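Asks: Below is one structure. I have some questions about it.
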Amino acid sequence: MINDGTITFRQRSNHSNAVSVSLAPTSELVNNGKLVFQDGADAHGAGGTITNNPGASITKGGATGTTFIESAVDNHGLLRSESGLLKLTGAFPAITGSP
Amino acid sequence: MLTLGLAGTQLVVNGTVDLRNGADIDGRQSTGIRVGQSGLLRSSTAGQNPSSVNAPVELAGRVDAAAGTLQTILPITTAPRSSTALLSTSGGSLEVGALEAGIGSRATIEGTGVTLYSLGITPGGGAGDIVVGSGLLHIITWTPKGSGSLHVMPGAAAEVTTGAQGGWRSRTATG
């Protein structure tokens, strides 16, 4: 998947366990634009990778909830939580160390 | 209501099929509708109810909601190796039960007011591409799989809503 625009993942409050996107093993979401996780929207799929390229952003917004990103995040751009908790539980290959 | 009642019946659209005032197509028992590269399947007036297409659609041409709401309940599949399939809005709303881009094919989505209830990029190792060319695409269920791609172009947007429910969705074949 390639995002050169904006993709917003939005979680309905009455479906708290629902997954917004589930990346299959070895699949990749390449972000050259804006990825926005609202409220508790999550990205599952431990074998998948989100590549956040220079100039691109991954943002956690919304007033409530925790966003879990289970996929690996290869970050060369901006990761930002504007509210709530953005929790990266997968690999973070762009740097050596923990997320 | 246009009914494709006989098994094996297929409606081939190389011109324009205009659904007006909420008119429907029921082709659940048929082979479905094949919209050729020059074909156009559209809703052109707003009825009290949506126009509903309840038949599988093989698409090389265009499905457009010019006015009112156009629903496709059974899957829309891109024609083999076609790169011309287009789903669009030009004044109305388009609700797509399921969209599948097959091997070597591409579907383009343009305009604001398109909702996909189930988006697949299959089959298996297929290289089908779905391109959001402009506007805002609303996706209810998104489970990327296969080797195809979804490409949101610059200036375009997609919004994925988790766990959305609605009366219409319960009518879809894909659940």
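In the structure tokens, the first chain shown is A, the next is B, and so on; residue numbers restart at 1 for each chain, and ligands run from 1 in the order shown.
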Pull out every residue of chain A that has at least one atom within 12 Å of chain B, counting only C-alpha atoms, and report them as a VMD selection string.

Replies: chain A and resid 1 to 45 48

Asks: What would the file look like if the residues just selected were written as a PDB file, in the first residue's frame with C-alpha atoms?

Replies:
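Contents of result13.pdb, freshly written:
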ATOM      1  CA  MET A   1       0.000   0.000   0.000  1.00  0.00           C
ATOM      2  CA  ILE A   2       1.222   3.467  -0.832  1.00  0.00           C
ATOM      3  CA  ASN A   3      -0.130   6.602   0.732  1.00  0.00           C
ATOM      4  CA  ASP A   4       0.765   9.857  -0.966  1.00  0.00           C
ATOM      5  CA  GLY A   5      -2.321  11.593   0.432  1.00  0.00           C
ATOM      6  CA  THR A   6      -4.088  11.174   3.746  1.00  0.00           C
ATOM      7  CA  ILE A   7      -5.402   8.009   5.368  1.00  0.00           C
ATOM      8  CA  THR A   8      -7.408   8.360   8.558  1.00  0.00           C
ATOM      9  CA  PHE A   9      -8.206   5.374  10.752  1.00  0.00           C
ATOM     10  CA  ARG A  10     -11.194   6.090  12.942  1.00  0.00           C
ATOM     11  CA  GLN A  11     -12.559   3.864  15.687  1.00  0.00           C
ATOM     12  CA  ARG A  12     -16.169   3.881  16.690  1.00  0.00           C
ATOM     13  CA  SER A  13     -16.426   4.193  20.416  1.00  0.00           C
ATOM     14  CA  ASN A  14     -18.832   1.298  20.783  1.00  0.00           C
ATOM     15  CA  HIS A  15     -16.512  -1.195  19.134  1.00  0.00           C
ATOM     16  CA  SER A  16     -13.498  -0.826  21.326  1.00  0.00           C
ATOM     17  CA  ASN A  17     -11.776  -4.039  20.241  1.00  0.00           C
ATOM     18  CA  ALA A  18     -12.113  -3.596  16.539  1.00  0.00           C
ATOM     19  CA  VAL A  19      -8.978  -3.346  14.440  1.00  0.00           C
ATOM     20  CA  SER A  20      -8.679  -0.583  11.909  1.00  0.00           C
ATOM     21  CA  VAL A  21      -6.124  -2.197   9.681  1.00  0.00           C
ATOM     22  CA  SER A  22      -4.505  -5.596   9.828  1.00  0.00           C
ATOM     23  CA  LEU A  23      -1.344  -5.923   7.818  1.00  0.00           C
ATOM     24  CA  ALA A  24      -0.611  -9.383   6.504  1.00  0.00           C
ATOM     25  CA  PRO A  25       2.841 -10.848   7.089  1.00  0.00           C
ATOM     26  CA  THR A  26       5.496  -9.261   4.864  1.00  0.00           C
ATOM     27  CA  SER A  27       3.053  -6.629   3.637  1.00  0.00           C
ATOM     28  CA  GLU A  28       4.113  -3.010   3.715  1.00  0.00           C
ATOM     29  CA  LEU A  29       2.302   0.259   4.057  1.00  0.00           C
ATOM     30  CA  VAL A  30       4.501   2.995   2.621  1.00  0.00           C
ATOM     31  CA  ASN A  31       3.554   6.403   3.921  1.00  0.00           C
ATOM     32  CA  ASN A  32       4.648   9.454   1.987  1.00  0.00           C
ATOM     33  CA  GLY A  33       1.761  11.583   3.279  1.00  0.00           C
ATOM     34  CA  LYS A  34      -0.282  11.588   6.462  1.00  0.00           C
ATOM     35  CA  LEU A  35      -1.450   8.608   8.477  1.00  0.00           C
ATOM     36  CA  VAL A  36      -3.855   9.593  11.213  1.00  0.00           C
ATOM     37  CA  PHE A  37      -5.067   7.251  13.962  1.00  0.00           C
ATOM     38  CA  GLN A  38      -8.077   8.714  15.727  1.00  0.00           C
ATOM     39  CA  ASP A  39      -9.066   7.697  19.250  1.00  0.00           C
ATOM     40  CA  GLY A  40      -8.267   3.993  19.756  1.00  0.00           C
ATOM     41  CA  ALA A  41      -7.751   2.959  16.155  1.00  0.00           C
ATOM     42  CA  ASP A  42      -5.070   0.305  15.862  1.00  0.00           C
ATOM     43  CA  ALA A  43      -2.753  -1.254  13.294  1.00  0.00           C
ATOM     44  CA  HIS A  44      -2.313  -4.960  13.841  1.00  0.00           C
ATOM     45  CA  GLY A  45      -0.142  -7.457  12.053  1.00  0.00           C
ATOM     46  CA  GLY A  48       3.834  -6.242   8.466  1.00  0.00           C
TER      47      GLY A  48
END

Asks: What is the atom CA of Ala23 of chain B to atom CA of Leu74 of chain B distance in Å?

Replies: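 Distance reported for this atom pair: 16.6 Å.
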
Asks: Any idea what's packed within 10 Å of Gly77 of chain A, counting only C-alpha atoms, ignoring anything in its chain fewer than 4 positions away? Could you give it as a ChimeraX atom specification?

Replies: /A:31-33,51-58

Asks: Quote the spacing between atom CA of Thr115 of chain B and atom CA of Ser43 of chain B in Å to one decimal place.

Replies: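 Separation between atom CA of Thr115 of chain B and atom CA of Ser43 of chain B: 15.3 Å.
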
Asks: What separation in Å, quoted to one decimal, exists between atom CA of Ala63 of chain A and atom CA of Leu86 of chain A?

Replies: 12.2 Å

Asks: Taking the DSSP assignment computed from this structure's backbone, write out as an MDAnalysis selection string all residues of segment 38-98 of chain B that belong to strand (DSSP E or B).

Replies: chainID B and resid 40:43 51:54 57:59 62:65 69:72 76:78 85:89 93:96

Asks: Quick one: of A:Thr49, A:Lys60, A:Ala72, A:Gly65, who's nearest to Leu88 of chain A, counting only C-alpha atoms?

Replies: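 Looking at the shortest contact to Leu88 of chain A, the residue is A:Ala72.
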